[in-house]
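Below is query_29.cif, which holds mmCIF, C-alpha atoms and all ligand atoms.
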```cif
data_query
#
loop_
_atom_site.label_atom_id
_atom_site.label_comp_id
_atom_site.auth_asym_id
_atom_site.auth_seq_id
_atom_site.Cartn_x
_atom_site.Cartn_y
_atom_site.Cartn_z
CA MET A 1 6.42 -4.51 22.94
CA GLU A 2 4.95 -3.53 19.56
CA GLU A 3 1.29 -2.60 19.39
CA PRO A 4 -0.98 -5.20 17.82
CA ILE A 5 -2.13 -4.23 14.32
CA LYS A 6 -5.81 -3.35 14.21
CA GLY A 7 -7.76 -5.86 12.11
CA TYR A 8 -4.75 -8.09 11.49
CA THR A 9 -6.08 -11.52 12.43
CA TYR A 10 -3.38 -13.85 11.11
CA GLY A 11 -3.91 -17.31 12.60
CA GLN A 12 -7.47 -16.47 13.70
CA VAL A 13 -9.53 -16.88 10.54
CA GLY A 14 -11.57 -19.55 8.77
CA GLN A 15 -10.23 -22.33 6.59
CA SER A 16 -9.22 -21.59 3.00
CA PRO A 17 -11.22 -23.50 0.36
CA VAL A 18 -7.91 -24.07 -1.44
CA SER A 19 -5.98 -27.13 -0.25
CA ILE A 20 -2.26 -27.35 0.42
CA ALA A 21 -2.11 -29.87 -2.45
CA ASP A 22 -3.62 -27.29 -4.81
CA LEU A 23 -1.22 -24.67 -3.49
CA ASP A 24 1.69 -27.01 -4.22
CA LEU A 25 0.52 -27.40 -7.82
CA LEU A 26 0.11 -23.65 -8.18
CA LYS A 27 3.65 -23.18 -6.85
CA LYS A 28 4.88 -25.69 -9.38
CA THR A 29 3.02 -23.84 -12.12
CA VAL A 30 4.59 -20.45 -11.34
CA LEU A 31 7.99 -22.19 -10.96
CA PHE A 32 8.20 -21.33 -7.26
CA THR A 33 10.95 -23.35 -5.59
CA GLU A 34 12.91 -23.51 -2.32
CA GLU A 35 15.41 -21.22 -4.00
CA ASP A 36 12.68 -18.60 -4.24
CA GLU A 37 11.89 -19.06 -0.55
CA LYS A 38 15.53 -18.37 0.22
CA TYR A 39 15.54 -15.19 -1.89
CA LEU A 40 12.24 -14.04 -0.41
CA ARG A 41 13.80 -14.25 3.08
CA LEU A 42 16.66 -12.13 1.78
CA ALA A 43 14.18 -9.67 0.26
CA GLY A 44 12.52 -9.52 3.68
CA GLU A 45 15.86 -8.49 5.21
CA VAL A 46 16.40 -5.87 2.52
CA LEU A 47 12.87 -4.45 2.77
CA LYS A 48 12.30 -4.51 6.51
CA ASP A 49 13.51 -0.96 7.20
CA GLN A 50 12.12 0.38 3.91
CA THR A 51 8.44 -0.55 4.24
CA ASN A 52 7.37 3.04 4.92
CA GLU A 53 9.02 4.25 1.72
CA VAL A 54 7.47 1.37 -0.23
CA LEU A 55 4.05 2.23 1.17
CA ASP A 56 4.53 5.94 0.41
CA LEU A 57 5.14 4.99 -3.20
CA TRP A 58 2.17 2.61 -3.45
CA TYR A 59 -0.16 4.99 -1.64
CA GLY A 60 1.04 7.77 -3.94
CA PHE A 61 0.00 5.61 -6.87
CA VAL A 62 -3.43 4.81 -5.41
CA GLY A 63 -3.97 8.37 -4.16
CA GLY A 64 -2.97 9.85 -7.52
CA ASN A 65 -5.48 7.77 -9.43
CA GLU A 66 -9.12 8.60 -8.93
CA HIS A 67 -10.28 5.22 -10.22
CA LEU A 68 -8.17 3.51 -7.50
CA VAL A 69 -8.75 5.80 -4.52
CA HIS A 70 -12.41 5.24 -5.38
CA TYR A 71 -12.18 1.91 -3.51
CA PHE A 72 -11.35 3.72 -0.27
CA SER A 73 -14.13 6.24 -0.77
CA LYS A 74 -17.79 6.96 -0.30
CA ASN A 75 -19.53 9.42 -2.65
CA GLY A 76 -16.11 10.34 -4.05
CA GLN A 77 -14.73 11.24 -0.59
CA PRO A 78 -11.73 9.13 0.51
CA ASN A 79 -11.97 7.76 4.05
CA MET A 80 -8.63 8.68 5.60
CA ASP A 81 -9.03 6.49 8.68
CA TYR A 82 -9.66 3.51 6.41
CA LEU A 83 -6.61 4.30 4.25
CA THR A 84 -4.48 4.58 7.38
CA ALA A 85 -5.76 1.37 8.98
CA VAL A 86 -5.20 -0.64 5.79
CA ARG A 87 -1.74 0.85 5.34
CA VAL A 88 -0.52 -0.69 8.60
CA ARG A 89 -1.73 -4.16 7.55
CA PHE A 90 -0.23 -3.62 4.12
CA GLY A 91 3.16 -3.05 5.77
CA GLN A 92 2.77 -6.29 7.70
CA TRP A 93 1.83 -8.07 4.47
CA ILE A 94 5.18 -7.12 2.89
CA MET A 95 6.95 -8.84 5.77
CA ASP A 96 4.58 -11.84 5.76
CA LEU A 97 4.99 -12.38 2.02
CA CYS A 98 8.74 -12.58 2.49
CA ASN A 99 9.01 -14.38 5.82
CA LYS A 100 6.02 -16.57 6.59
CA PRO A 101 6.00 -20.24 5.65
CA TYR A 102 3.28 -20.83 3.03
CA ASP A 103 1.45 -23.34 5.25
CA GLN A 104 -2.22 -23.85 6.17
CA THR A 105 -2.23 -20.76 8.42
CA TRP A 106 -0.84 -18.63 5.61
CA LEU A 107 -3.29 -20.13 3.11
CA ASN A 108 -6.18 -19.36 5.45
CA TYR A 109 -5.15 -15.73 5.80
CA GLN A 110 -4.85 -15.38 2.02
CA HIS A 111 -8.49 -16.37 1.81
CA GLU A 112 -9.39 -13.84 4.49
CA ILE A 113 -7.65 -11.06 2.51
CA ALA A 114 -9.48 -12.29 -0.61
CA LEU A 115 -12.80 -11.87 1.20
CA ARG A 116 -11.76 -8.44 2.43
CA HIS A 117 -11.28 -7.19 -1.14
CA HIS A 118 -14.47 -8.92 -2.29
CA SER A 119 -18.00 -7.86 -1.35
CA THR A 120 -18.16 -10.74 1.18
CA LYS A 121 -16.11 -8.82 3.72
CA LYS A 122 -14.94 -5.50 2.33
CA ASN A 123 -15.35 -2.65 4.84
CA LYS A 124 -16.18 -5.00 7.71
CA THR A 125 -12.77 -5.16 9.39
CA ASP A 126 -12.53 -1.38 9.74
CA ASP A 127 -16.28 -0.88 10.11
CA VAL A 128 -16.44 1.63 7.29
CA ASP A 129 -18.99 2.48 4.63
CA THR A 130 -17.11 2.75 1.32
CA VAL A 131 -17.64 1.07 -2.06
CA PRO A 132 -18.52 -2.58 -1.51
CA ILE A 133 -15.96 -4.42 -3.67
CA VAL A 134 -12.54 -3.99 -5.26
CA ASN A 135 -13.28 -5.02 -8.83
CA TYR A 136 -11.55 -8.11 -10.07
CA ARG A 137 -9.80 -6.43 -13.00
CA TYR A 138 -7.75 -4.21 -10.72
CA MET A 139 -6.70 -7.08 -8.47
CA THR A 140 -4.86 -8.74 -11.33
CA ALA A 141 -3.72 -5.44 -12.85
CA PHE A 142 -1.94 -4.60 -9.59
CA ILE A 143 0.48 -7.49 -9.99
CA PHE A 144 2.60 -5.40 -12.33
CA PRO A 145 2.98 -2.16 -10.34
CA ILE A 146 3.48 -4.06 -7.06
CA THR A 147 6.24 -6.03 -8.75
CA ALA A 148 7.89 -3.35 -10.90
CA THR A 149 8.13 -0.80 -8.10
CA ILE A 150 9.76 -3.12 -5.57
CA LYS A 151 12.91 -3.54 -7.67
CA GLY A 152 14.41 -0.16 -6.74
CA PHE A 153 14.07 -1.04 -3.05
CA LEU A 154 15.70 -4.43 -3.54
CA THR A 155 18.81 -2.73 -4.96
CA LYS A 156 19.28 -0.48 -1.91
CA LYS A 157 21.38 -2.78 0.26
CA GLY A 158 24.35 -3.37 -2.03
CA HIS A 159 23.50 -6.81 -3.47
CA ASP A 160 24.88 -7.66 -6.89
CA ALA A 161 22.61 -7.53 -9.95
CA GLU A 162 22.16 -11.32 -10.08
CA THR A 163 21.03 -11.48 -6.45
CA VAL A 164 18.64 -8.55 -6.92
CA GLU A 165 17.22 -10.30 -9.98
CA ALA A 166 16.69 -13.50 -7.97
CA MET A 167 14.93 -11.60 -5.18
CA HIS A 168 12.78 -9.77 -7.70
CA SER A 169 11.81 -12.92 -9.50
CA ALA A 170 10.89 -14.62 -6.20
CA TRP A 171 8.79 -11.56 -5.29
CA PHE A 172 6.98 -11.65 -8.65
CA LYS A 173 6.14 -15.34 -8.21
CA ALA A 174 4.97 -14.80 -4.63
CA VAL A 175 2.74 -11.85 -5.61
CA THR A 176 1.32 -13.83 -8.53
CA LEU A 177 0.51 -16.80 -6.26
CA THR A 178 -1.04 -14.50 -3.70
CA ILE A 179 -3.28 -12.70 -6.15
CA ILE A 180 -4.47 -15.97 -7.62
CA LEU A 181 -5.56 -16.97 -4.11
CA TRP A 182 -7.15 -13.56 -3.52
CA THR A 183 -9.34 -13.84 -6.60
CA TYR A 184 -11.02 -17.08 -5.45
CA PRO A 185 -14.26 -15.36 -4.32
CA TYR A 186 -14.61 -13.66 -7.72
CA ILE A 187 -14.62 -16.90 -9.67
CA ASN A 188 -17.70 -19.04 -10.36
CA LYS A 189 -18.06 -22.22 -8.33
CA ASN A 190 -15.93 -25.06 -9.69
CA GLU A 191 -14.10 -22.75 -12.07
CA PHE A 192 -11.22 -21.63 -9.84
C1 LIG B 1 -6.65 -4.33 1.73
C2 LIG B 1 -2.65 -5.63 -0.64
C3 LIG B 1 -5.05 -4.88 -4.75
C4 LIG B 1 -7.78 -1.83 -2.25
C5 LIG B 1 -5.39 -4.82 1.47
C6 LIG B 1 -4.50 -5.39 2.44
C7 LIG B 1 -3.37 -5.74 1.76
C8 LIG B 1 -3.55 -5.40 0.38
C9 LIG B 1 -2.11 -6.39 2.33
C10 LIG B 1 -4.78 -5.58 3.93
C11 LIG B 1 -5.04 -7.04 4.24
C12 LIG B 1 -5.46 -7.28 5.68
O1 LIG B 1 -6.55 -6.85 6.05
O2 LIG B 1 -4.66 -7.90 6.43
C13 LIG B 1 -2.98 -5.62 -1.98
C14 LIG B 1 -2.19 -6.20 -3.05
C15 LIG B 1 -2.90 -6.05 -4.20
C16 LIG B 1 -4.10 -5.33 -3.86
C17 LIG B 1 -0.85 -6.88 -2.84
C18 LIG B 1 -2.60 -6.52 -5.60
C19 LIG B 1 -1.40 -6.92 -6.01
C20 LIG B 1 -5.90 -3.85 -4.46
C21 LIG B 1 -6.54 -2.98 -5.41
C22 LIG B 1 -7.28 -2.11 -4.70
C23 LIG B 1 -7.13 -2.44 -3.30
C24 LIG B 1 -6.40 -3.04 -6.93
C25 LIG B 1 -8.09 -0.97 -5.24
C26 LIG B 1 -7.67 0.25 -5.13
C27 LIG B 1 -7.81 -2.35 -0.98
C28 LIG B 1 -8.81 -2.00 0.02
C29 LIG B 1 -8.49 -2.76 1.17
C30 LIG B 1 -7.30 -3.51 0.86
C31 LIG B 1 -9.96 -1.04 -0.15
C32 LIG B 1 -9.26 -2.81 2.47
C33 LIG B 1 -10.26 -3.98 2.38
C34 LIG B 1 -11.12 -4.10 3.63
O3 LIG B 1 -12.15 -3.41 3.69
O4 LIG B 1 -10.77 -4.90 4.52
N1 LIG B 1 -4.79 -4.84 0.23
N2 LIG B 1 -4.13 -5.12 -2.52
N3 LIG B 1 -6.28 -3.50 -3.19
N4 LIG B 1 -6.94 -3.26 -0.45
FE1 LIG B 1 -5.58 -4.23 -1.47
#
```
So, in terms of structure tokens, how does the structure I just supplied come out?
Amino acid sequence: MEEPIKGYTYGQVGQSPVSIADLDLLKKTVLFTEEDEKYLRLAGEVLKDQTNEVLDLWYGFVGGNEHLVHYFSKNGQPNMDYLTAVRVRFGQWIMDLCNKPYDQTWLNYQHEIALRHHSTKKNKTDDVDTVPIVNYRYMTAFIFPITATIKGFLTKKGHDAETVEAMHSAWFKAVTLTIILWTYPYINKNEF
């Protein structure tokens, strides 16, 4: 049996303030359809044995940028245990984004991850003492690198260009939806 992931509490968190009805309208707004769900499942198949390579690339990006590794640090010193603990949950997130139904349980965990980037809950899961918040501007900025860099991995399993494009587009929509949900705590009351 696989070891449980430390701090991964999917299905065991509080209720999201965003309703399923609001999620449906957001999906409609980013043009997310059942077709995208189908291509996300395919992307999940394609990515499942490549998550380590994906994470190496993303961690290389964070690690190579002082202003990003800052968020895993205290007094300019990166906390390696924290980086490692988050990396395992990040790997699970890739699979969840592709495979989980976007239901109430999923919505609730999106809010939990939102709180974990925000000052409400950052550092708490891993009981660390690093900077207290991931600033909003970088949350949204990350949509592009997380989307652009996945494309190469989607091409690795011999799918034709049209299918890769469909998987990539589904991924982009899913990441966009996710980050919108993750920025909830940063937005003034009644303005989300
Ligand atoms: C946590 C993904 C933006 C720093 C996480 C986790 C995931 C993730 C999956 C773990 C969630 C869990 O606990 O289950 C992403 C994605 C982003 C994004 C997809 C945007 C597209 C950022 C940015 C930074 C950052 C811009 C700044 C460098 C962190 C930190 C944690 C974390 C420090 C640990 C938070 C804690 O203390 O619990 N991220 N992230 N993330 N991420 Fe991000």
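Using all atoms listed in the file, the nearest neighbour of Asp127 (chain A) within the list A:Ala43, A:Val86, A:Ala114, A:Ala170 is A:Val86.
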Any chance you could work out the axis-aligned box around region 95-108 of chain A, listed atoms only, 6 Å on each side, giving centre and edge lengths in Å to one decimal, as AutoDock Vina command-line options?
```
--center_x 1.4 --center_y -16.3 --center_z 5.2 --size_x 27.2 --size_y 27.0 --size_z 18.4
```
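If you measure from each of A:Ser119, A:Thr29, A:Asn79, A:Ser16 to Pro132 (chain A) using only C-alpha atoms, the closest one turns out to be A:Ser119.
When all atoms listed in the file are used to compute distances to Tyr8 (chain A), the closest of the residues A:Leu68, A:Leu97, A:Ile143, A:Val88 turns out to be A:Val88.
Restricting the calculation to all atoms listed in the file, the smallest distance between Phe192 (chain A) and any of A:Trp58, A:Lys38, A:Gln104, A:Asp22 is found for A:Asp22.
Compared by their closest atoms to ligand LIG 1 (chain B), and using all atoms listed in the file, the residues A:Asn99, A:Glu162, A:Tyr10, A:Leu57 rank with A:Tyr10 nearest.
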Per residue of chain A within 6 Å of ligand LIG 1 (chain B), what are the shortest atom pair and its distance in Å to one decimal, counting all atoms listed in the file, with rows by chain and residue number, as CSV?
```
residue,atom,partner,partner_atom,distance
A:Tyr8,CA,B:LIG1,O2,5.1
A:Leu68,CA,B:LIG1,C26,4.1
A:Val69,CA,B:LIG1,C26,5.7
A:Tyr71,CA,B:LIG1,C31,5.0
A:Phe72,CA,B:LIG1,C31,5.0
A:Val86,CA,B:LIG1,C10,5.3
A:Arg89,CA,B:LIG1,O2,4.9
A:Phe90,CA,B:LIG1,C9,3.8
A:Trp93,CA,B:LIG1,C9,4.8
A:Ile113,CA,B:LIG1,C11,5.1
A:Arg116,CA,B:LIG1,O4,4.2
A:His117,CA,B:LIG1,C33,4.9
A:Lys122,CA,B:LIG1,O3,3.7
A:Asn123,CA,B:LIG1,O3,3.5
A:Lys124,CA,B:LIG1,O3,5.9
A:Thr125,CA,B:LIG1,O4,5.3
A:Val134,CA,B:LIG1,C25,5.4
A:Tyr138,CA,B:LIG1,C24,4.2
A:Met139,CA,B:LIG1,C24,4.3
A:Phe142,CA,B:LIG1,C19,4.3
A:Ile143,CA,B:LIG1,C19,4.4
A:Ile146,CA,B:LIG1,C19,5.8
```
**Report entry** Contacts of Pro17 (chain A) at 10 Å (only C-alpha atoms; same-chain gap of 2+ positions) as a list of chain:residue names
**Finding:** A:Gly14, A:Gln15, A:Ser19, A:Ile20, A:Asp22, A:Leu107, A:Asn108, A:His111, A:Leu181, A:Tyr184, A:Pro185
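In this comparison, which uses all atoms listed in the file, the residue of A:Ala174, A:Val62, A:Leu23, A:Leu31 approaching Asp96 (chain A) most closely is A:Ala174.
Between CA of Thr147 (chain A) and CA of Ile187 (chain A) lies a distance of 23.5 Å.
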Report task. Could you jot down the CA of Met167 (chain A) to CA of Ala21 (chain A) separation for me, Å, one decimal place? Result -> 25.1 Å
**Report entry** Neighbour list for region 46-52 of chain A as a PyMOL selection string, cut-off 7 Å, all atoms listed in the file, skip fewer than 5 positions in-chain
**Finding:** chain A and resi 91+95+153-154+157
